[in-house]
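The file coords.json contains JSON, C-alpha atoms:
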[["chain", "number", "residue", "atom", "x", "y", "z"],
["A", 1, "MET", "CA", -102.80, 44.58, 26.17],
["A", 2, "ARG", "CA", -100.42, 46.85, 24.29],
["A", 3, "TYR", "CA", -101.41, 48.02, 20.85],
["A", 4, "VAL", "CA", -98.68, 47.53, 18.30],
["A", 5, "GLY", "CA", -98.39, 48.33, 14.66],
["A", 6, "ASN", "CA", -99.83, 51.31, 12.89],
["A", 7, "MET", "CA", -101.15, 54.04, 15.23],
["A", 8, "THR", "CA", -104.31, 54.20, 13.12],
["A", 9, "ASP", "CA", -105.04, 50.68, 14.41],
["A", 10, "ALA", "CA", -104.81, 51.86, 18.02],
["A", 11, "PRO", "CA", -107.90, 52.83, 20.03],
["A", 12, "HIS", "CA", -108.66, 56.54, 19.75],
["A", 13, "ILE", "CA", -109.46, 58.18, 23.10],
["A", 14, "LEU", "CA", -111.04, 61.65, 23.43],
["A", 15, "ILE", "CA", -110.01, 63.39, 26.66],
["A", 16, "VAL", "CA", -112.41, 66.14, 27.77],
["A", 17, "ASP", "CA", -111.16, 68.24, 30.69],
["A", 18, "ASP", "CA", -110.90, 71.99, 31.23],
["A", 19, "HIS", "CA", -107.44, 71.64, 32.83],
["A", 20, "ARG", "CA", -104.79, 71.52, 30.11],
["A", 21, "GLU", "CA", -102.26, 69.90, 32.46],
["A", 22, "ILE", "CA", -104.60, 66.95, 33.09],
["A", 23, "ARG", "CA", -105.41, 66.57, 29.37],
["A", 24, "ASP", "CA", -101.74, 66.65, 28.43],
["A", 25, "ALA", "CA", -100.62, 64.24, 31.16],
["A", 26, "VAL", "CA", -103.36, 61.71, 30.35],
["A", 27, "SER", "CA", -102.65, 62.02, 26.62],
["A", 28, "ARG", "CA", -98.93, 61.43, 27.06],
["A", 29, "TYR", "CA", -99.48, 58.40, 29.29],
["A", 30, "LEU", "CA", -102.05, 56.79, 26.97],
["A", 31, "GLU", "CA", -99.91, 57.47, 23.89],
["A", 32, "ARG", "CA", -96.87, 55.89, 25.59],
["A", 33, "ASN", "CA", -99.08, 52.85, 26.05],
["A", 34, "GLY", "CA", -100.04, 52.59, 22.39],
["A", 35, "MET", "CA", -103.26, 54.60, 22.16],
["A", 36, "ARG", "CA", -104.13, 57.62, 20.04],
["A", 37, "THR", "CA", -105.59, 60.63, 21.81],
["A", 38, "SER", "CA", -107.39, 63.86, 21.03],
["A", 39, "ASN", "CA", -108.21, 66.59, 23.54],
["A", 40, "ALA", "CA", -111.10, 68.96, 24.17],
["A", 41, "ARG", "CA", -111.38, 71.58, 26.91],
["A", 42, "ASP", "CA", -115.18, 71.67, 27.06],
["A", 43, "ALA", "CA", -118.40, 70.22, 25.63],
["A", 44, "VAL", "CA", -118.35, 72.55, 22.61],
["A", 45, "GLU", "CA", -114.88, 71.36, 21.54],
["A", 46, "MET", "CA", -115.87, 67.77, 22.31],
["A", 47, "ASP", "CA", -118.95, 67.99, 20.09],
["A", 48, "ALA", "CA", -116.89, 69.39, 17.20],
["A", 49, "LYS", "CA", -114.34, 66.58, 17.52],
["A", 50, "LEU", "CA", -117.04, 63.91, 17.76],
["A", 51, "LYS", "CA", -118.56, 65.20, 14.50],
["A", 52, "THR", "CA", -115.28, 65.00, 12.61],
["A", 53, "GLY", "CA", -113.54, 62.00, 14.17],
["A", 54, "ARG", "CA", -114.13, 58.48, 15.39],
["A", 55, "PHE", "CA", -113.41, 57.64, 18.99],
["A", 56, "ASN", "CA", -113.42, 54.39, 20.92],
["A", 57, "LEU", "CA", -113.88, 56.01, 24.32],
["A", 58, "VAL", "CA", -114.38, 59.41, 25.96],
["A", 59, "VAL", "CA", -112.59, 60.30, 29.21],
["A", 60, "LEU", "CA", -114.83, 63.01, 30.67],
["A", 61, "ASP", "CA", -114.45, 65.49, 33.53],
["A", 62, "VAL", "CA", -117.56, 66.59, 35.46],
["A", 63, "MET", "CA", -116.69, 70.15, 36.45],
["A", 64, "MET", "CA", -116.22, 72.09, 33.21],
["A", 65, "PRO", "CA", -117.27, 75.56, 32.11],
["A", 66, "GLY", "CA", -120.47, 75.64, 30.08],
["A", 67, "GLU", "CA", -122.19, 72.27, 29.86],
["A", 68, "ASP", "CA", -121.11, 70.13, 32.82],
["A", 69, "GLY", "CA", -119.87, 66.56, 32.49],
["A", 70, "ILE", "CA", -123.01, 64.99, 33.97],
["A", 71, "SER", "CA", -125.15, 66.64, 31.29],
["A", 72, "VAL", "CA", -122.64, 65.69, 28.59],
["A", 73, "CYS", "CA", -122.56, 62.10, 29.85],
["A", 74, "ARG", "CA", -126.35, 61.87, 29.85],
["A", 75, "ARG", "CA", -126.46, 63.21, 26.27],
["A", 76, "LEU", "CA", -123.70, 60.92, 24.94],
["A", 77, "SER", "CA", -125.19, 57.93, 26.71],
["A", 78, "ALA", "CA", -128.59, 58.60, 25.12],
["A", 79, "GLU", "CA", -126.91, 58.60, 21.70],
["A", 80, "GLY", "CA", -125.20, 55.35, 22.69],
["A", 81, "THR", "CA", -122.29, 55.83, 20.34],
["A", 82, "VAL", "CA", -119.20, 55.78, 22.56],
["A", 83, "PRO", "CA", -118.23, 54.42, 26.00],
["A", 84, "ILE", "CA", -117.57, 57.00, 28.72],
["A", 85, "LEU", "CA", -115.15, 56.99, 31.63],
["A", 86, "MET", "CA", -115.71, 59.83, 34.11],
["A", 87, "LEU", "CA", -112.40, 61.18, 35.49],
["A", 88, "THR", "CA", -113.17, 63.88, 38.01],
["A", 89, "ALA", "CA", -112.33, 65.52, 41.33],
["A", 90, "LEU", "CA", -115.85, 64.71, 42.54],
["A", 91, "GLY", "CA", -115.16, 61.41, 44.24],
["A", 92, "GLU", "CA", -117.85, 61.11, 46.87],
["A", 93, "GLU", "CA", -120.00, 58.00, 46.78],
["A", 94, "THR", "CA", -123.06, 59.98, 45.65],
["A", 95, "ASP", "CA", -121.08, 61.60, 42.81],
["A", 96, "ARG", "CA", -119.87, 58.21, 41.57],
["A", 97, "ILE", "CA", -123.38, 56.75, 41.72],
["A", 98, "ILE", "CA", -124.86, 59.69, 39.80],
["A", 99, "GLY", "CA", -122.16, 59.43, 37.13],
["A", 100, "LEU", "CA", -122.87, 55.75, 36.62],
["A", 101, "GLU", "CA", -126.64, 56.28, 36.69],
["A", 102, "VAL", "CA", -126.53, 58.92, 33.93],
["A", 103, "GLY", "CA", -124.60, 56.57, 31.65],
["A", 104, "ALA", "CA", -120.89, 56.46, 32.46],
["A", 105, "ASP", "CA", -119.32, 53.05, 31.90],
["A", 106, "ASP", "CA", -116.84, 53.70, 34.70],
["A", 107, "TYR", "CA", -115.93, 56.44, 37.17],
["A", 108, "LEU", "CA", -112.46, 57.23, 38.51],
["A", 109, "PRO", "CA", -111.96, 60.07, 41.02],
["A", 110, "LYS", "CA", -108.93, 62.39, 40.95],
["A", 111, "PRO", "CA", -106.22, 62.11, 42.07],
["A", 112, "PHE", "CA", -105.74, 58.84, 40.23],
["A", 113, "ASN", "CA", -103.05, 56.34, 39.37],
["A", 114, "PRO", "CA", -102.39, 56.52, 35.59],
["A", 115, "ARG", "CA", -101.90, 52.75, 35.49],
["A", 116, "GLU", "CA", -105.37, 52.26, 37.00],
["A", 117, "LEU", "CA", -106.83, 54.65, 34.41],
["A", 118, "LEU", "CA", -105.18, 52.63, 31.63],
["A", 119, "ALA", "CA", -106.47, 49.35, 33.10],
["A", 120, "ARG", "CA", -110.01, 50.73, 33.31],
["A", 121, "ILE", "CA", -109.86, 52.03, 29.73],
["A", 122, "LYS", "CA", -108.66, 48.64, 28.48],
["A", 123, "ALA", "CA", -111.44, 46.89, 30.41],
["A", 124, "ILE", "CA", -114.10, 49.16, 28.89],
["A", 125, "LEU", "CA", -112.65, 48.62, 25.40],
["A", 126, "ARG", "CA", -112.72, 44.84, 25.93],
["A", 127, "ARG", "CA", -116.34, 44.92, 27.13],
["A", 128, "SER", "CA", -117.44, 47.19, 24.32],
["A", 129, "GLY", "CA", -115.70, 45.07, 21.68],
["A", 130, "ARG", "CA", -113.70, 48.05, 20.46],
["A", 131, "ALA", "CA", -110.27, 46.79, 21.51],
["A", 132, "GLU", "CA", -109.95, 44.43, 18.56],
["A", 133, "THR", "CA", -109.06, 45.72, 15.14],
["A", 134, "HIS", "CA", -110.59, 44.41, 11.96],
["A", 135, "ALA", "CA", -110.32, 45.43, 8.34],
["A", 136, "GLY", "CA", -111.35, 49.06, 8.20],
["A", 137, "SER", "CA", -111.57, 51.41, 11.15],
["A", 138, "LEU", "CA", -112.00, 50.37, 14.76],
["A", 139, "THR", "CA", -115.48, 51.83, 14.94],
["A", 140, "SER", "CA", -116.57, 50.26, 11.67],
["A", 141, "ARG", "CA", -119.44, 47.87, 12.12],
["A", 142, "ARG", "CA", -118.60, 46.04, 8.89],
["A", 143, "VAL", "CA", -116.04, 43.28, 8.63],
["A", 144, "HIS", "CA", -114.91, 42.09, 5.20],
["A", 145, "PHE", "CA", -113.46, 38.61, 4.72],
["A", 146, "ALA", "CA", -113.06, 36.34, 1.66],
["A", 147, "GLY", "CA", -115.48, 38.51, -0.28],
["A", 148, "TRP", "CA", -118.14, 38.32, 2.44],
["A", 149, "THR", "CA", -119.37, 41.34, 4.41],
["A", 150, "LEU", "CA", -120.58, 41.08, 8.00],
["A", 151, "ASP", "CA", -122.60, 44.15, 9.09],
["A", 152, "THR", "CA", -123.14, 43.96, 12.85],
["A", 153, "ASP", "CA", -125.40, 47.04, 12.91],
["A", 154, "ARG", "CA", -127.87, 45.41, 10.51],
["A", 155, "GLN", "CA", -127.16, 41.90, 11.80],
["A", 156, "ASN", "CA", -126.54, 40.83, 8.24],
["A", 157, "CYS", "CA", -123.90, 38.77, 6.46],
["A", 158, "ALA", "CA", -123.73, 39.34, 2.71],
["A", 159, "THR", "CA", -122.29, 36.83, 0.25],
["A", 160, "PRO", "CA", -119.83, 38.10, -2.37],
["A", 161, "THR", "CA", -122.73, 38.26, -4.86],
["A", 162, "ASP", "CA", -124.96, 40.20, -2.42],
["A", 163, "ALA", "CA", -122.15, 42.61, -1.57],
["A", 164, "ARG", "CA", -121.69, 43.58, -5.24],
["A", 165, "SER", "CA", -125.37, 44.44, -5.63],
["A", 166, "THR", "CA", -125.47, 46.90, -2.68]]
Show me the file's structure as structure tokens.
Amino acid sequence: MRYVGNMTDAPHILIVDDHREIRDAVSRYLERNGMRTSNARDAVEMDAKLKTGRFNLVVLDVMMPGEDGISVCRRLSAEGTVPILMLTALGEETDRIIGLEVGADDYLPKPFNPRELLARIKAILRRSGRAETHAGSLTSRRVHFAGWTLDTDRQNCATPTDARST
């Protein structure tokens, strides 16, 4: 699945890792494969970006200064707003299990094959329903068609008459 057309239609991935080289390499690879990326070096930067932008997935390192990735994952998972892929040097079986138990959608240990990372991201986007674009932004829960409005958050479909009154 390659995303074509306007880059604003492409999935937006937030990469959170304290190593700039990793952030930059992952960003370049994902962008070459049709995705938009933003970077954060720690949980504080991540939180600021999450408040101001919309993201379809977070790629998250575990070992970061300040709040660690496990704590961040637990917090983001509790909010339930964005899928999480853990990308970390901690690759032992116990580490992977803990990452998945605290809410990661997937876990990929470093070193990693960039093509495998891309495949895992695409799989998460497919499962989360965020890979398809509709009218409006990717994270929008409203779809407009022929005057109708489908709001998946409220599980409501409004007729053209209903939509004008709201």
| said: Please list as a PyMOL selection string every residue within 7 Å of region 103-111 of chain A, counting only C-alpha atoms and excluding residues in the same chain fewer than 4 positions away. | reply: chain A and resi 73-74+77+83-91+96+99
| request: Tell me which of A:Ala10, A:Ala25, A:Leu117, A:Ala78 sits closest to Arg54 (chain A), counting only C-alpha atoms. | output: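 Among A:Ala10, A:Ala25, A:Leu117, A:Ala78, it is A:Ala10 that comes nearest to Arg54 (chain A).
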| said: Between CA of Ala43 (chain A) and CA of Ser128 (chain A), what distance in Å does the model show, to one decimal? | reply: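 CA of Ser128 (chain A) lies 23.1 Å from CA of Ala43 (chain A).
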| request: Determine, counting only C-alpha atoms, every residue of protein, DNA or RNA that lies within 12 Å of (-110.9, 60.8, 22.5) in the file coordinates, then give the result as JSON, numbers by chain. | output: {"A": [10, 11, 12, 13, 14, 15, 16, 17, 23, 26, 27, 30, 31, 35, 36, 37, 38, 39, 40, 41, 45, 46, 47, 48, 49, 50, 51, 52, 53, 54, 55, 56, 57, 58, 59, 60, 82, 83, 84, 85, 121]}
| field | Distance of CA of Asp18 (chain A) from CA of Glu116 (chain A), expressed in Å to one decimal place | value |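 Atom-to-atom, CA of Glu116 (chain A) to CA of Asp18 (chain A), that is 21.3 Å.
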| query | Hey, can you check how far CA of Gly69 (chain A) sits from CA of Asp95 (chain A)? | reply |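 That distance, rounded to one decimal, is 11.5 Å.
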| query | Closest to Tyr29 (chain A) among A:Gly66, A:Gly147, A:Gly129, A:Pro114, using only C-alpha atoms? | reply | A:Pro114
| message | My list of candidates is A:Ile124, A:Ile97, A:Ala146, A:Val102. Which is closest to Leu76 (chain A) when distances are computed with all atoms listed in the file? | response |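 When distances to Leu76 (chain A) are compared using all atoms listed in the file, the smallest one comes from A:Val102.
Distance annotation: of A:Leu150, A:Val72, A:Asn33, A:Thr94, the residue with the minimal separation from Arg115 (chain A) is A:Asn33; atom set is all atoms listed in the file.
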For region 26-42 of chain A, where the input has fewer atoms than it should, I would like N, CA and C atoms rebuilt and written as a PDB file, keeping the file's coordinate frame.
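Below you can see result.pdb, which holds the result:
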ATOM      1  N   VAL A  26    -102.625  62.928  30.721  1.00  0.00           N
ATOM      2  CA  VAL A  26    -103.360  61.710  30.350  1.00  0.00           C
ATOM      3  C   VAL A  26    -103.028  61.320  28.918  1.00  0.00           C
ATOM      4  N   SER A  27    -102.988  62.301  28.016  1.00  0.00           N
ATOM      5  CA  SER A  27    -102.650  62.020  26.620  1.00  0.00           C
ATOM      6  C   SER A  27    -101.274  61.375  26.496  1.00  0.00           C
ATOM      7  N   ARG A  28    -100.294  61.977  27.144  1.00  0.00           N
ATOM      8  CA  ARG A  28     -98.930  61.430  27.060  1.00  0.00           C
ATOM      9  C   ARG A  28     -98.877  59.991  27.579  1.00  0.00           C
ATOM     10  N   TYR A  29     -99.522  59.738  28.708  1.00  0.00           N
ATOM     11  CA  TYR A  29     -99.480  58.400  29.290  1.00  0.00           C
ATOM     12  C   TYR A  29    -100.163  57.384  28.360  1.00  0.00           C
ATOM     13  N   LEU A  30    -101.337  57.728  27.856  1.00  0.00           N
ATOM     14  CA  LEU A  30    -102.050  56.790  26.970  1.00  0.00           C
ATOM     15  C   LEU A  30    -101.279  56.566  25.678  1.00  0.00           C
ATOM     16  N   GLU A  31    -100.684  57.615  25.127  1.00  0.00           N
ATOM     17  CA  GLU A  31     -99.910  57.470  23.890  1.00  0.00           C
ATOM     18  C   GLU A  31     -98.670  56.603  24.116  1.00  0.00           C
ATOM     19  N   ARG A  32     -98.023  56.751  25.269  1.00  0.00           N
ATOM     20  CA  ARG A  32     -96.870  55.890  25.590  1.00  0.00           C
ATOM     21  C   ARG A  32     -97.292  54.433  25.702  1.00  0.00           C
ATOM     22  N   ASN A  33     -98.561  54.213  25.931  1.00  0.00           N
ATOM     23  CA  ASN A  33     -99.080  52.850  26.050  1.00  0.00           C
ATOM     24  C   ASN A  33     -99.860  52.429  24.810  1.00  0.00           C
ATOM     25  N   GLY A  34     -99.560  53.062  23.680  1.00  0.00           N
ATOM     26  CA  GLY A  34    -100.040  52.590  22.390  1.00  0.00           C
ATOM     27  C   GLY A  34    -101.398  53.073  21.947  1.00  0.00           C
ATOM     28  N   MET A  35    -101.947  54.095  22.573  1.00  0.00           N
ATOM     29  CA  MET A  35    -103.260  54.600  22.160  1.00  0.00           C
ATOM     30  C   MET A  35    -103.102  55.956  21.482  1.00  0.00           C
ATOM     31  N   ARG A  36    -104.067  56.280  20.641  1.00  0.00           N
ATOM     32  CA  ARG A  36    -104.130  57.620  20.040  1.00  0.00           C
ATOM     33  C   ARG A  36    -105.038  58.468  20.907  1.00  0.00           C
ATOM     34  N   THR A  37    -104.750  59.759  21.000  1.00  0.00           N
ATOM     35  CA  THR A  37    -105.590  60.630  21.810  1.00  0.00           C
ATOM     36  C   THR A  37    -105.898  61.925  21.070  1.00  0.00           C
ATOM     37  N   SER A  38    -107.029  62.507  21.421  1.00  0.00           N
ATOM     38  CA  SER A  38    -107.390  63.860  21.030  1.00  0.00           C
ATOM     39  C   SER A  38    -107.921  64.527  22.287  1.00  0.00           C
ATOM     40  N   ASN A  39    -107.807  65.853  22.348  1.00  0.00           N
ATOM     41  CA  ASN A  39    -108.210  66.590  23.540  1.00  0.00           C
ATOM     42  C   ASN A  39    -109.268  67.629  23.237  1.00  0.00           C
ATOM     43  N   ALA A  40    -110.113  67.880  24.231  1.00  0.00           N
ATOM     44  CA  ALA A  40    -111.100  68.960  24.170  1.00  0.00           C
ATOM     45  C   ALA A  40    -111.190  69.580  25.554  1.00  0.00           C
ATOM     46  N   ARG A  41    -111.347  70.908  25.606  1.00  0.00           N
ATOM     47  CA  ARG A  41    -111.380  71.580  26.910  1.00  0.00           C
ATOM     48  C   ARG A  41    -112.785  71.734  27.460  1.00  0.00           C
ATOM     49  N   ASP A  42    -113.801  71.521  26.599  1.00  0.00           N
ATOM     50  CA  ASP A  42    -115.180  71.670  27.060  1.00  0.00           C
ATOM     51  C   ASP A  42    -116.114  70.907  26.115  1.00  0.00           C
TER      52      ASP A  42
END
